[in-house]
Structure formats: C-alpha cells, structure tokens
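For reference, the structure is listed below as structure tokens.
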Amino acid sequence: MFLSADVVGSTAFKASTVGEHGQALWLEAFETLFRELPLIFIGKLAEHFIDEDDLPQSGVWKVMGDEVVFAVLPETVAHAQRVAAAFCDAVAHYDQRIAQRWPLRIRGCCWGAEIGARNRAIEIPEMFGGSDRPYVDFLGPDVDIGFRLSGHSRPGELILSPNLAEAFAVEGDQRGLRFHYVGEAPLKGVCGGQPFPLVLASLEGVGAPTAEATAAAEVAERLALARARMQEQPGVQPAPPVFLRD
C-alpha cells in the first residue's frame with residue numbers, strides 16, 4: 001500500500017521566493033514538509049490503531065521533487081482502511097497547517113499494489129547513501145498507477161485507487177471513511193487509456209470535502225462495473241480489489 005502527498009502550487013511559489021542574490025528562500029517550506037509530515041502521519045497511525053497491539057510496518061519509501069511517498073504493509077482490509085483513514089487525517093490537518101505559513105496546499109493519494117506476480121520488490125544494494133540494509137524498490141503496473149492518479153486529487157483531500165476503494169466499499173464497517181465518486185478520466189499508459197474511476201475519500205469530522213458523499217454500495221457497484229468494462233478490452237488487466245478472496 002502506497003501513500004503520497006505532493007505540494008500544490010510549488011512551481012509558482014519557488015519562482016516567487018528567490019532572493020535578490022539567488023537564495024532559495026522557498027527551501028524552508030519543503031524541508032519543514034519532509035520533516036513534519038512523516039511525524040504527523042506516524043502519530044495519526046497510532047491514533048487509528050490505538051486498540052491494536054501493533055502498527056503495520058511503514059516508512060518513507062522515497063521523496064521525489066515536491067512529493068513524499070510512504071509504503072505501508074497492512075495485513076487485512078480492515079488494517080488498510082485504518083491506514084487510509086490515518087493518512088486522510090494527516091493530509092487534511094497538514095494541509096491546513098502549511099497553508100497558514102506559506103501559499104501552499106498539499107493533496108494526497110493512496111493506492112494498493114499486491115507484491116507477487118503483477119508487482120515486484122527488488123533490492124538495490126548500490127543505492128547512493130548506503131546503509132546496513134539494501135534499498136528496496138517496488139516495480140509494477142499497480143505501483144505506477146498512483147503516480148498518474150495523484151494529479152486528480154484535490155488540495156486537502158485524498159484520492160483512492162479503485163482496487164482499494166472497491167475492497168473498502170464492500171466492508172460493513174467503513175471506519176469513518178466516506179467516499180466521493182467524482183467521475184472518470186483517462187490516465188496516460190494505464191488500462192489502455194480507458195476512462196479510469198476517480199474516487200476521493202474523506203474522514204468524518206475532518207476537513208471540508210469538495211464533493212458530495214457517495215454511498216459505499218454505489219461506489220462498489222460502479223467500480224465493479226468499471227473493472228468488468230476494462231477487462232473486456234484486449235490486453236487490459238485492471239488490478240483486482242486488494243485482499244481479494246476466491
């Protein structure tokens with residue numbers, strides 16, 4: 001399970017905050033983001049798993065430009081829901097926090113990629129920086145989807161990949177998550193360019209969603225139909241819901 005937060009408006013902000021002698025006056029904002037957001041997310045994870053003995057394994061996977069990406073290893077759908085709820089919470093709160101200090105917003109994306117036949121983890125021992133443990137990278141079509149999908153998120157909000165949203169929507173307990181089905185859009189290189197479902201998620205009592213809530217049953221039905229439609233196209237294999245049981 002991967003979770004990313006990227007900065008909205010960063011290009012204009014950097015261009016407008018260069019000192020007269022070329023100083024990068026914008027640097028403080030991004031150093032603060034990369035330092036504080038992981039701590040806030042860890043705190044939110046602890047809150048949302050307070051009745052569990054252990055937290056799922058998690059950490060920053062990589063930082064790319066203005067985006068920080070986390071990797072989390074939940075063991076069940078229920079744990080994945082809690083992770084998504086915690087990240088929803090973290091993004092909404094940190095978006096408000098950063099906006100009070102700089103003319104910036106952040107938006108989130110959460111997507112699932114089961115490691116196995118479709119997606120793989122590889123070790124890169126030669127990675128610059130060195131450590132006692134080799135750097136682990138993740139590769140595969142479901143890993144790539146999140147980086148395309150994140151551009152359709154909204155400031156202060158979280159977008160879910162269909163394989164996560166569909167798995168969550170059929171659960172009896174949504175753990176405070178609300179769904180917002182906001183349409184479809186093609187993603188470059190994803191599912192043959194077919195319209196791809198866009199589902200935002202919010203947490204009850206947190207933030208201010210920009211779209212009306214969609215009933216979980218309706219989300220599940222729409223996503224199942226969209227997956228079936230895409231599967232009819234030659235060579236297109238959309239990711240099934242996470243933790244799918246035969």
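Residues in the structure tokens are numbered from 1 in each chain, the chains being A, B, ... in the order shown, and ligands are numbered from 1 in the order shown.
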Residues of region 108-177 of chain A that approach region 53-60 of chain A to 12 Å or less, counting only C-alpha atoms: could you list each one with the shortest pair of atoms and its distance in Å to one decimal, rows by chain and increasing residue number, as a tab-separated table?
```
residue	atom	partner	partner_atom	distance
A:Tyr135	CA	A:Val60	CA	11.8
A:Val136	CA	A:Val60	CA	11.5
A:Asp137	CA	A:Val60	CA	11.7
```
Taking 2 positions as the minimum chain separation for residues in the same chain, which residues sit within 10 Å of Phe168 (chain A) when counting only C-alpha atoms? Answer as a PyMOL selection string.
chain A and resi 77-78+80-81+84+162-166+170-175+177+179+216+219-220+241-242
Can I get the selected residues back with C-alpha atoms, as an mmCIF file, in the first residue's frame?
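Once written, out.cif looks like this:
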```cif
data_model
loop_
_atom_site.group_PDB
_atom_site.id
_atom_site.type_symbol
_atom_site.label_atom_id
_atom_site.label_comp_id
_atom_site.auth_asym_id
_atom_site.auth_seq_id
_atom_site.Cartn_x
_atom_site.Cartn_y
_atom_site.Cartn_z
ATOM 1 C CA VAL A 77 -8.619 -4.943 4.525
ATOM 2 C CA ALA A 78 -9.546 -3.578 7.954
ATOM 3 C CA ALA A 80 -5.743 -0.986 5.090
ATOM 4 C CA GLN A 81 -8.876 1.042 5.896
ATOM 5 C CA ALA A 84 -6.172 5.207 4.646
ATOM 6 C CA PRO A 162 -10.100 1.635 -7.482
ATOM 7 C CA ASN A 163 -8.609 -1.610 -6.149
ATOM 8 C CA LEU A 164 -8.525 -0.100 -2.650
ATOM 9 C CA ALA A 165 -11.842 1.738 -2.867
ATOM 10 C CA GLU A 166 -13.691 -1.339 -4.135
ATOM 11 C CA VAL A 170 -17.939 -3.761 0.409
ATOM 12 C CA GLU A 171 -16.896 -3.858 4.067
ATOM 13 C CA GLY A 172 -19.606 -3.499 6.693
ATOM 14 C CA ASP A 173 -17.593 -1.013 8.774
ATOM 15 C CA GLN A 174 -16.073 1.941 6.898
ATOM 16 C CA ARG A 175 -14.105 3.108 9.971
ATOM 17 C CA LEU A 177 -14.177 6.838 5.760
ATOM 18 C CA PHE A 179 -16.399 8.053 -0.463
ATOM 19 C CA ALA A 216 -20.449 2.758 -0.242
ATOM 20 C CA VAL A 219 -19.173 3.016 -5.134
ATOM 21 C CA ALA A 220 -18.700 -0.754 -5.003
ATOM 22 C CA PRO A 241 -9.593 -5.413 -5.186
ATOM 23 C CA VAL A 242 -6.839 -5.815 -2.590
#
```
Just list as a PyMOL selection string whatever in region 40-92 of chain A DSSP marks as strand (DSSP E).
chain A and resi 57-64+67-73
For the selection you just gave me, I'd like the residues written to a file as a PDB file, in the first residue's frame, keeping N, CA and C atoms.
```pdb
ATOM      1  N   GLN A  57       3.894  -2.272   9.448  1.00  0.00           N
ATOM      2  CA  GLN A  57       5.210  -1.771   9.064  1.00  0.00           C
ATOM      3  C   GLN A  57       5.037  -0.634   8.068  1.00  0.00           C
ATOM      4  N   SER A  58       5.731   0.481   8.298  1.00  0.00           N
ATOM      5  CA  SER A  58       5.553   1.650   7.444  1.00  0.00           C
ATOM      6  C   SER A  58       6.798   2.515   7.470  1.00  0.00           C
ATOM      7  N   GLY A  59       6.891   3.410   6.493  1.00  0.00           N
ATOM      8  CA  GLY A  59       8.003   4.346   6.449  1.00  0.00           C
ATOM      9  C   GLY A  59       7.996   5.112   5.148  1.00  0.00           C
ATOM     10  N   VAL A  60       8.871   6.110   5.049  1.00  0.00           N
ATOM     11  CA  VAL A  60       9.006   6.864   3.811  1.00  0.00           C
ATOM     12  C   VAL A  60       9.722   5.979   2.802  1.00  0.00           C
ATOM     13  N   TRP A  61       9.083   5.778   1.664  1.00  0.00           N
ATOM     14  CA  TRP A  61       9.685   4.987   0.586  1.00  0.00           C
ATOM     15  C   TRP A  61      10.646   5.845  -0.225  1.00  0.00           C
ATOM     16  N   LYS A  62      10.164   7.007  -0.679  1.00  0.00           N
ATOM     17  CA  LYS A  62      11.023   7.885  -1.454  1.00  0.00           C
ATOM     18  C   LYS A  62      10.479   9.305  -1.434  1.00  0.00           C
ATOM     19  N   VAL A  63      11.339  10.252  -1.741  1.00  0.00           N
ATOM     20  CA  VAL A  63      10.958  11.648  -1.927  1.00  0.00           C
ATOM     21  C   VAL A  63      11.339  12.022  -3.347  1.00  0.00           C
ATOM     22  N   MET A  64      10.379  12.566  -4.078  1.00  0.00           N
ATOM     23  CA  MET A  64      10.611  12.923  -5.478  1.00  0.00           C
ATOM     24  C   MET A  64      10.178  14.359  -5.690  1.00  0.00           C
ATOM     25  N   GLU A  67       7.174  15.763  -3.700  1.00  0.00           N
ATOM     26  CA  GLU A  67       6.282  14.685  -3.286  1.00  0.00           C
ATOM     27  C   GLU A  67       6.998  13.732  -2.345  1.00  0.00           C
ATOM     28  N   VAL A  68       6.325  13.370  -1.249  1.00  0.00           N
ATOM     29  CA  VAL A  68       6.844  12.358  -0.334  1.00  0.00           C
ATOM     30  C   VAL A  68       5.918  11.153  -0.412  1.00  0.00           C
ATOM     31  N   VAL A  69       6.518   9.956  -0.549  1.00  0.00           N
ATOM     32  CA  VAL A  69       5.747   8.726  -0.750  1.00  0.00           C
ATOM     33  C   VAL A  69       6.065   7.749   0.377  1.00  0.00           C
ATOM     34  N   PHE A  70       5.019   7.249   1.010  1.00  0.00           N
ATOM     35  CA  PHE A  70       5.146   6.267   2.080  1.00  0.00           C
ATOM     36  C   PHE A  70       4.783   4.879   1.551  1.00  0.00           C
ATOM     37  N   ALA A  71       5.381   3.863   2.140  1.00  0.00           N
ATOM     38  CA  ALA A  71       4.983   2.476   1.889  1.00  0.00           C
ATOM     39  C   ALA A  71       4.528   1.882   3.220  1.00  0.00           C
ATOM     40  N   VAL A  72       3.393   1.196   3.199  1.00  0.00           N
ATOM     41  CA  VAL A  72       2.824   0.579   4.403  1.00  0.00           C
ATOM     42  C   VAL A  72       2.419  -0.844   4.046  1.00  0.00           C
ATOM     43  N   LEU A  73       2.587  -1.757   4.991  1.00  0.00           N
ATOM     44  CA  LEU A  73       2.284  -3.161   4.737  1.00  0.00           C
ATOM     45  C   LEU A  73       1.147  -3.645   5.645  1.00  0.00           C
TER      46      LEU A  73
END
```
Show which residues sit within 7 Å of region 91-107 of chain A, as JSON, numbers by chain. Count only C-alpha atoms, and ignore same-chain residues fewer than 6 positions away.
{"A": [5, 6, 7, 8, 9, 10, 37, 153, 154, 155, 156, 157, 158, 206, 207]}
For Ala117 (chain A), find every residue with an atom within 12 Å (counting only C-alpha atoms), except residues of its own chain fewer than 5 positions away, and show them as an NGL selection string.
:A and (139-142 or 239)
Find the residues around Gly176 (chain A) up to 9 Å (only C-alpha atoms counted), leave out those fewer than 4 positions away in its own chain, and share them as a VMD selection string.
chain A and resid 82 85 202 to 205
One number please: CA of His180 (chain A) to CA of Leu160 (chain A), in Å, one decimal.
9.9 Å
Residues of region 98-240 of chain A classed as helix (DSSP H, G or I) by DSSP on the backbone are to be reported as a ChimeraX atom specification.
/A:98-101,141-152,162-169,191-193,216-231
Please indicate the distance in Å from CA of Ala24 (chain A) to CA of Phe87 (chain A), rounded to one decimal place.
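So the answer is 29.6 Å.
Take the candidates A:Phe138, A:Phe196, A:Phe147, A:Phe2 and check each one against Cys110 (chain A) using only C-alpha atoms; the shortest distance goes to A:Phe2.
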Have a look at CA of Ile124 (chain A) and CA of Val143 (chain A) and let me know their distance in Å, one decimal.
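About the pair CA of Ile124 (chain A) and CA of Val143 (chain A): they are 17.2 Å apart.
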Point out the residue among A:Glu20, A:Leu25, A:Cys88, A:Pro197 with the least atom-to-atom distance to Lys44 (chain A), counting only C-alpha atoms.
A:Cys88
Excluding Ala86 (chain A) and any residue of its chain fewer than 5 positions from it, enumerate the residues within 7 Å of it, using only C-alpha atoms, and give them as a ChimeraX atom specification.
/A:41,44-45,48
